[in-house]
>>> print(open('data_7.txt').read())   # compact mmCIF, C-alpha atoms
# COMPACT_ATOMS: atom_id res chain seq x y z
CA MET V 943 7.36 -4.79 14.26
CA GLY V 944 9.28 -2.50 11.94
CA GLN V 945 12.60 -2.69 13.72
CA ASN V 946 14.96 -3.55 10.85
CA SER V 947 16.68 -0.62 9.13
CA PHE V 948 16.40 -0.47 5.36
CA GLN V 949 19.58 -0.06 3.32
CA PRO V 950 18.49 -0.11 -0.34
CA GLY V 951 20.84 -1.29 -3.08
CA SER V 952 21.25 0.83 -6.21
CA ASP V 953 18.30 -0.76 -8.09
CA GLN V 954 16.12 -0.49 -5.00
CA GLN V 955 17.14 3.15 -4.55
CA GLN V 956 16.09 3.90 -8.15
CA PHE V 957 12.73 2.26 -7.41
CA MET V 958 12.32 4.33 -4.23
CA GLU V 959 13.16 7.58 -6.04
CA SER V 960 11.06 6.95 -9.16
CA THR V 961 8.33 9.53 -9.80
CA ALA V 962 6.84 7.65 -12.78
CA LYS V 963 3.13 6.81 -12.53
CA GLN V 964 4.07 3.14 -12.98
CA VAL V 965 7.25 1.55 -11.62
CA MET V 966 8.43 -2.07 -11.66
CA GLY V 967 10.93 -3.89 -9.50
CA TYR V 968 12.22 -7.31 -10.46
CA GLY V 969 14.68 -9.74 -9.02
CA GLY V 970 15.10 -13.27 -7.77
CA PHE V 971 13.70 -14.84 -4.62
CA GLY V 972 14.83 -12.97 -1.51
CA SER V 973 16.18 -9.95 -3.42
CA GLY V 974 14.10 -7.42 -1.44
CA LYS V 975 11.36 -6.59 -3.96
CA THR V 976 8.51 -6.85 -1.47
CA ARG V 977 10.39 -4.98 1.24
CA THR V 978 11.25 -2.16 -1.18
CA MET V 979 7.60 -1.78 -2.26
CA ASN V 980 6.45 -1.78 1.35
CA GLU V 981 9.09 0.81 2.28
CA LYS V 982 8.02 3.06 -0.59
CA GLY V 983 4.32 2.78 0.26
CA TYR V 984 5.00 3.60 3.90
CA MET V 985 7.27 6.49 2.85
CA LEU V 986 4.46 7.91 0.68
CA ASN V 987 2.02 7.60 3.58
CA MET V 988 4.40 9.46 5.87
CA LYS V 989 5.22 12.14 3.28
CA TYR V 990 1.54 12.77 2.48
CA PRO V 991 -0.47 12.47 5.74
CA GLY V 992 -3.93 11.02 5.20
CA ASN V 993 -2.74 9.00 2.21
CA ARG V 994 -4.31 5.65 1.41
CA GLY V 995 -2.45 2.71 -0.15
CA LEU V 996 -3.39 -0.75 -1.35
CA ILE V 997 -1.20 -3.86 -1.45
CA VAL V 998 -2.41 -6.83 -3.51
CA ARG V 999 -1.40 -10.31 -4.57
CA LYS V 1000 -3.41 -12.97 -6.33
CA ASN V 1001 -4.20 -14.90 -3.14
CA PHE V 1002 -5.29 -13.21 0.06
CA SER V 1003 -3.40 -15.69 2.25
CA ASP V 1004 -0.15 -14.81 0.44
CA VAL V 1005 -0.59 -11.05 0.77
CA ARG V 1006 -1.54 -11.37 4.43
CA SER V 1007 1.23 -13.75 5.50
CA SER V 1008 4.27 -12.79 3.43
CA THR V 1009 3.66 -9.23 2.23
CA ILE V 1010 1.90 -7.82 5.30
CA GLU V 1011 2.91 -9.89 8.34
CA GLN V 1012 6.45 -10.94 7.33
CA SER V 1013 7.47 -7.70 5.63
CA LEU V 1014 5.31 -4.61 6.23
CA LEU V 1015 4.64 -5.21 9.93
CA GLU V 1016 7.82 -7.07 10.84
CA ASP V 1017 10.35 -4.93 8.95
CA VAL V 1018 8.82 -1.61 7.88
CA ILE V 1019 6.26 0.08 10.15
CA PRO V 1020 7.47 0.72 13.71
CA GLU V 1021 5.12 -0.80 16.27
CA SER V 1022 4.76 2.61 17.93
CA HIS V 1023 3.24 4.02 14.71
CA ILE V 1024 0.23 1.68 14.81
CA PRO V 1025 -2.40 2.52 17.43
CA GLU V 1026 -3.85 -0.26 19.55
CA ASP V 1027 -6.85 -0.66 17.24
CA GLY V 1028 -4.94 0.30 14.08
CA TRP V 1029 -4.80 -3.16 12.49
CA ASN V 1030 -8.33 -4.11 11.49
CA LYS V 1031 -7.99 -7.68 10.22
CA SER V 1032 -11.63 -8.02 9.20
CA GLU V 1033 -11.42 -4.89 6.99
CA HIS V 1034 -7.90 -5.77 5.77
CA ARG V 1035 -6.69 -2.32 6.85
CA ILE V 1036 -3.75 -0.95 8.80
CA GLU V 1037 -3.98 2.62 10.04
CA HIS V 1038 -0.81 4.35 11.25
CA PHE V 1039 0.37 7.64 12.70
CA THR V 1040 2.11 10.10 10.37
CA GLY V 1041 3.51 12.57 12.90
CA THR V 1042 1.10 15.26 11.66
CA THR V 1043 -1.88 16.67 13.52
CA ASP V 1044 -4.86 18.67 12.33
CA GLN V 1045 -5.74 22.14 13.63
CA TYR V 1046 -7.45 20.56 16.67
CA GLY V 1047 -4.42 18.48 17.61
CA GLU V 1048 -5.88 15.19 16.38
CA PRO V 1049 -3.42 12.86 14.63
CA VAL V 1050 -3.72 12.61 10.86
CA MET V 1051 -3.60 8.91 10.06
CA SER V 1052 -2.66 7.18 6.80
CA GLU V 1053 -4.07 3.80 5.78
CA ILE V 1054 -2.82 0.68 4.04
CA TYR V 1055 -5.37 -1.79 2.73
CA TYR V 1056 -4.45 -5.29 1.55
CA GLU V 1057 -6.41 -7.68 -0.59
CA GLY V 1058 -6.24 -10.84 -2.69
CA LEU V 1059 -7.29 -10.69 -6.34
CA SER V 1060 -8.11 -14.35 -6.99
CA THR V 1061 -11.09 -14.89 -9.25
CA SER V 1062 -12.89 -17.37 -7.05
CA GLY V 1063 -16.64 -17.12 -6.65
CA ASN V 1064 -18.62 -14.81 -8.92
CA ARG V 1065 -15.84 -12.32 -9.68
CA SER V 1066 -14.86 -12.06 -13.35
CA ASP V 1067 -11.24 -11.69 -14.45
CA ASP V 1068 -11.56 -7.95 -14.96
CA ALA V 1069 -13.48 -7.01 -11.79
CA LEU V 1070 -11.89 -6.12 -8.47
CA PRO V 1071 -12.98 -7.58 -5.13
CA ARG V 1072 -16.00 -5.66 -3.83
CA ARG V 1073 -14.05 -4.37 -0.85
CA VAL V 1074 -11.79 -2.16 -3.02
CA SER V 1075 -13.76 -1.73 -6.24
CA GLY V 1076 -15.24 1.64 -5.23
CA MET V 1077 -12.23 3.00 -3.35
CA GLN V 1078 -9.56 5.49 -4.39
CA PHE V 1079 -5.88 5.12 -3.53
CA GLY V 1080 -2.79 7.32 -3.59
CA TRP V 1081 -0.56 4.32 -4.29
CA ILE V 1082 -1.01 0.67 -5.17
CA ALA V 1083 1.54 -2.13 -4.85
CA ILE V 1084 1.11 -5.39 -6.78
CA ASP V 1085 3.35 -8.04 -5.26
CA GLU V 1086 4.23 -10.89 -7.65
CA ALA V 1087 2.62 -9.23 -10.68
CA THR V 1088 3.01 -12.40 -12.79
CA GLU V 1089 0.13 -13.85 -10.76
CA THR V 1090 -2.28 -11.13 -11.88
CA THR V 1091 -4.12 -10.48 -15.13
CA GLU V 1092 -4.05 -7.50 -17.45
CA GLY V 1093 -7.67 -6.87 -16.40
CA ASP V 1094 -6.56 -6.71 -12.75
CA PHE V 1095 -3.90 -4.14 -13.63
CA VAL V 1096 -6.28 -1.96 -15.65
CA GLN V 1097 -8.90 -2.06 -12.89
CA LEU V 1098 -6.31 -1.19 -10.22
CA LEU V 1099 -4.94 1.66 -12.33
CA GLY V 1100 -8.47 3.09 -12.37
CA ARG V 1101 -8.48 3.20 -8.55
CA LEU V 1102 -5.31 5.33 -8.49
CA ARG V 1103 -6.95 8.71 -7.97
CA TYR V 1104 -6.95 9.57 -4.26
CA ASN V 1105 -5.83 13.20 -4.13
CA ARG V 1106 -6.87 14.65 -0.78
CA HIS V 1107 -7.77 13.81 2.79
CA GLU V 1108 -10.12 16.06 4.74
CA GLN V 1109 -9.93 16.19 8.50
CA GLY V 1110 -10.65 18.80 11.16
CA GLY V 1111 -11.63 21.40 8.58
CA GLN V 1112 -8.32 21.01 6.76
CA ILE V 1113 -7.43 19.53 3.41
CA PHE V 1114 -4.29 17.40 3.22
CA ARG V 1115 -3.30 17.14 -0.45
CA ILE V 1116 -2.04 13.89 -1.97
CA PRO V 1117 -0.27 15.26 -5.09
CA PHE V 1118 1.59 12.08 -6.05
CA ARG V 1119 0.06 8.80 -7.18
CA GLN V 1120 1.88 5.66 -8.26
CA ILE V 1121 1.28 2.00 -9.03
CA MET V 1122 4.21 -0.27 -8.15
CA VAL V 1123 4.70 -3.86 -9.29
CA SER V 1124 7.22 -6.52 -8.37
CA THR V 1125 8.01 -9.63 -10.32
CA ASN V 1126 10.56 -12.38 -10.75
CA PRO V 1127 12.63 -12.37 -13.97
CA ALA V 1128 11.38 -14.64 -16.75
>>> encode(input="data_7.txt", output="structure tokens")
Amino acid sequence: MGQNSFQPGSDQQQFMESTAKQVMGYGGFGSGKTRTMNEKGYMLNMKYPGNRGLIVRKNFSDVRSSTIEQSLLEDVIPESHIPEDGWNKSEHRIEHFTGTTDQYGEPVMSEIYYEGLSTSGNRSDDALPRRVSGMQFGWIAIDEATETTEGDFVQLLGRLRYNRHEQGGQIFRIPFRQIMVSTNPA
């Protein structure tokens, strides 16, 4: 887990440093788009303890296998940052240490949720999966944005409003929110 160092190229560095509310990365297969988004999401979770992010793709199996297992867990998050029960596969959530503690010495954890957006079942094109439809996030990453709809994007943008985490009588502010998308060139 998370053992490979990240050396961003110039385009990836611009993506990492962007403070725009919406940022897009594009490039061919294997160009590092997914890794860069995962690195930025993890960086935001470490910078703002208690932050909550969401990573999505159209199909759940794709987000779980390639975006989460083959990138986020294998290349980005160090194994030592995820507690023993920190990866809850049934809730599609990874909780990780941030290096910060509250006033009682308890670790302040950040979370990364992951979900598929496919419109199977009773979900309409402009509704989010129930699991995330009522949640708020500090950052959202859409991997392979060409697979999603405009309705998906608008609905996700509406979830981008997580601004504080309360723990141990303290408030940990989340002053920065961003939606990131990756895509292949047309």
>>> residues_around(input="data_7.txt", residues="His1034 (chain V)", least_positions_apart="6", cutoff="7 Å", atoms="only C-alpha atoms", output="PyMOL selection string")
chain V and resi 1055-1057
>>> residues_near_point(input="data_7.txt", point="(-3.5, 3.9, -7.6)", cutoff="10 Å", atoms="only C-alpha atoms", output="JSON list (two decimals) with C-alpha atoms, keeping the file's coordinate frame")
[["chain", "number", "residue", "atom", "x", "y", "z"],
["V", 963, "LYS", "CA", 3.13, 6.81, -12.53],
["V", 964, "GLN", "CA", 4.07, 3.14, -12.98],
["V", 994, "ARG", "CA", -4.31, 5.65, 1.41],
["V", 995, "GLY", "CA", -2.45, 2.71, -0.15],
["V", 996, "LEU", "CA", -3.39, -0.75, -1.35],
["V", 1077, "MET", "CA", -12.23, 3.00, -3.35],
["V", 1078, "GLN", "CA", -9.56, 5.49, -4.39],
["V", 1079, "PHE", "CA", -5.88, 5.12, -3.53],
["V", 1080, "GLY", "CA", -2.79, 7.32, -3.59],
["V", 1081, "TRP", "CA", -0.56, 4.32, -4.29],
["V", 1082, "ILE", "CA", -1.01, 0.67, -5.17],
["V", 1083, "ALA", "CA", 1.54, -2.13, -4.85],
["V", 1097, "GLN", "CA", -8.90, -2.06, -12.89],
["V", 1098, "LEU", "CA", -6.31, -1.19, -10.22],
["V", 1099, "LEU", "CA", -4.94, 1.66, -12.33],
["V", 1100, "GLY", "CA", -8.47, 3.09, -12.37],
["V", 1101, "ARG", "CA", -8.48, 3.20, -8.55],
["V", 1102, "LEU", "CA", -5.31, 5.33, -8.49],
["V", 1103, "ARG", "CA", -6.95, 8.71, -7.97],
["V", 1104, "TYR", "CA", -6.95, 9.57, -4.26],
["V", 1118, "PHE", "CA", 1.59, 12.08, -6.05],
["V", 1119, "ARG", "CA", 0.06, 8.80, -7.18],
["V", 1120, "GLN", "CA", 1.88, 5.66, -8.26],
["V", 1121, "ILE", "CA", 1.28, 2.00, -9.03],
["V", 1122, "MET", "CA", 4.21, -0.27, -8.15]]
>>> residues_around(input="data_7.txt", residues="Gln1012 (chain V)", least_positions_apart="5", cutoff="10 Å", atoms="all atoms listed in the file", output="ChimeraX atom specification")
/V:943,976-977,1005-1007,1017-1018
>>> closest_residue(input="data_7.txt", among="V:Gln956, V:Ile1054, V:Thr1009, V:Ala1087", to="Ile1024 (chain V)", atoms="all atoms listed in the file")
V:Ile1054
>>> closest_residue(input="data_7.txt", among="V:Phe1114, V:Tyr968, V:Phe1095, V:Phe948", to="Lys1000 (chain V)", atoms="all atoms listed in the file")
V:Phe1095
>>> closest_residue(input="data_7.txt", among="V:Pro950, V:Gly1047, V:Gly1110, V:Gly969", to="Glu981 (chain V)", atoms="only C-alpha atoms")
V:Pro950
>>> closest_residue(input="data_7.txt", among="V:Arg1115, V:Arg999, V:Met1051, V:Asp1027", to="Asp1094 (chain V)", atoms="all atoms listed in the file")
V:Arg999
>>> atom_distance(input="data_7.txt", atom1="CA of Glu1086 (chain V)", atom2="CA of Leu1014 (chain V)")
15.3 Å
>>> atom_distance(input="data_7.txt", atom1="CA of Asn1105 (chain V)", atom2="CA of Pro1117 (chain V)")
6.0 Å
>>> closest_residue(input="data_7.txt", among="V:Ser960, V:Gln1109, V:Ser1075, V:Thr1040", to="Lys989 (chain V)", atoms="all atoms listed in the file")
V:Thr1040
>>> closest_residue(input="data_7.txt", among="V:Thr978, V:Ser1032, V:Thr1088, V:Phe957", to="Pro1127 (chain V)", atoms="all atoms listed in the file")
V:Thr1088
>>> atom_distance(input="data_7.txt", atom1="CA of Gly967 (chain V)", atom2="CA of Asp953 (chain V)")
8.1 Å
>>> closest_atom_pairs(input="data_7.txt", of="region 1028-1127 of chain V", to="region 1019-1023 of chain V", cutoff="12 Å", atoms="all atoms listed in the file", output="tab-separated table")
residue	atom	partner	partner_atom	distance
V:Gly1028	CA	V:His1023	CA	9.0
V:Trp1029	CA	V:Glu1021	CA	10.9
V:Ile1036	CA	V:Ile1019	CA	10.2
V:Glu1037	CA	V:His1023	CA	8.7
V:His1038	CA	V:His1023	CA	5.3
V:Phe1039	CA	V:His1023	CA	5.0
V:Thr1040	CA	V:His1023	CA	7.6
V:Gly1041	CA	V:His1023	CA	8.7
V:Thr1042	CA	V:His1023	CA	11.8
V:Pro1049	CA	V:His1023	CA	11.1
V:Val1050	CA	V:His1023	CA	11.7
V:Met1051	CA	V:His1023	CA	9.6
V:Ser1052	CA	V:His1023	CA	10.4
V:Glu1053	CA	V:His1023	CA	11.5
V:Ile1054	CA	V:Ile1019	CA	11.0
>>> build_atoms(input="data_7.txt", residues="region 1080-1091 of chain V", atoms="N, CA, C and O atoms", output="CSV table (one decimal), in the coordinates of the input")
chain,number,residue,atom,x,y,z
V,1080,GLY,N,-3.9,6.5,-3.2
V,1080,GLY,CA,-2.8,7.3,-3.6
V,1080,GLY,C,-1.7,6.5,-4.2
V,1080,GLY,O,-0.8,7.0,-4.9
V,1081,TRP,N,-1.6,5.2,-3.7
V,1081,TRP,CA,-0.6,4.3,-4.3
V,1081,TRP,C,-1.1,2.9,-4.2
V,1081,TRP,O,-1.9,2.6,-3.4
V,1082,ILE,N,-0.6,2.1,-5.1
V,1082,ILE,CA,-1.0,0.7,-5.2
V,1082,ILE,C,0.2,-0.1,-5.4
V,1082,ILE,O,1.1,0.2,-6.3
V,1083,ALA,N,0.4,-1.2,-4.7
V,1083,ALA,CA,1.5,-2.1,-4.8
V,1083,ALA,C,1.0,-3.5,-5.2
V,1083,ALA,O,0.2,-4.1,-4.5
V,1084,ILE,N,1.5,-4.0,-6.3
V,1084,ILE,CA,1.1,-5.4,-6.8
V,1084,ILE,C,2.3,-6.3,-6.6
V,1084,ILE,O,3.3,-6.1,-7.2
V,1085,ASP,N,2.2,-7.1,-5.6
V,1085,ASP,CA,3.4,-8.0,-5.3
V,1085,ASP,C,3.2,-9.3,-6.1
V,1085,ASP,O,2.1,-9.9,-6.2
V,1086,GLU,N,4.3,-9.7,-6.7
V,1086,GLU,CA,4.2,-10.9,-7.6
V,1086,GLU,C,3.2,-10.7,-8.8
V,1086,GLU,O,2.2,-11.4,-8.9
V,1087,ALA,N,3.5,-9.7,-9.6
V,1087,ALA,CA,2.6,-9.2,-10.7
V,1087,ALA,C,2.3,-10.3,-11.7
V,1087,ALA,O,1.3,-10.3,-12.4
V,1088,THR,N,3.2,-11.3,-11.8
V,1088,THR,CA,3.0,-12.4,-12.8
V,1088,THR,C,1.8,-13.2,-12.4
V,1088,THR,O,1.3,-14.0,-13.3
V,1089,GLU,N,1.3,-13.1,-11.2
V,1089,GLU,CA,0.1,-13.8,-10.8
V,1089,GLU,C,-1.2,-13.1,-11.1
V,1089,GLU,O,-2.2,-13.7,-11.0
V,1090,THR,N,-1.1,-11.9,-11.6
V,1090,THR,CA,-2.3,-11.1,-11.9
V,1090,THR,C,-2.6,-11.1,-13.4
V,1090,THR,O,-1.7,-11.4,-14.2
V,1091,THR,N,-3.7,-10.6,-13.7
V,1091,THR,CA,-4.1,-10.5,-15.1
V,1091,THR,C,-4.0,-9.0,-15.6
V,1091,THR,O,-3.9,-8.1,-14.8
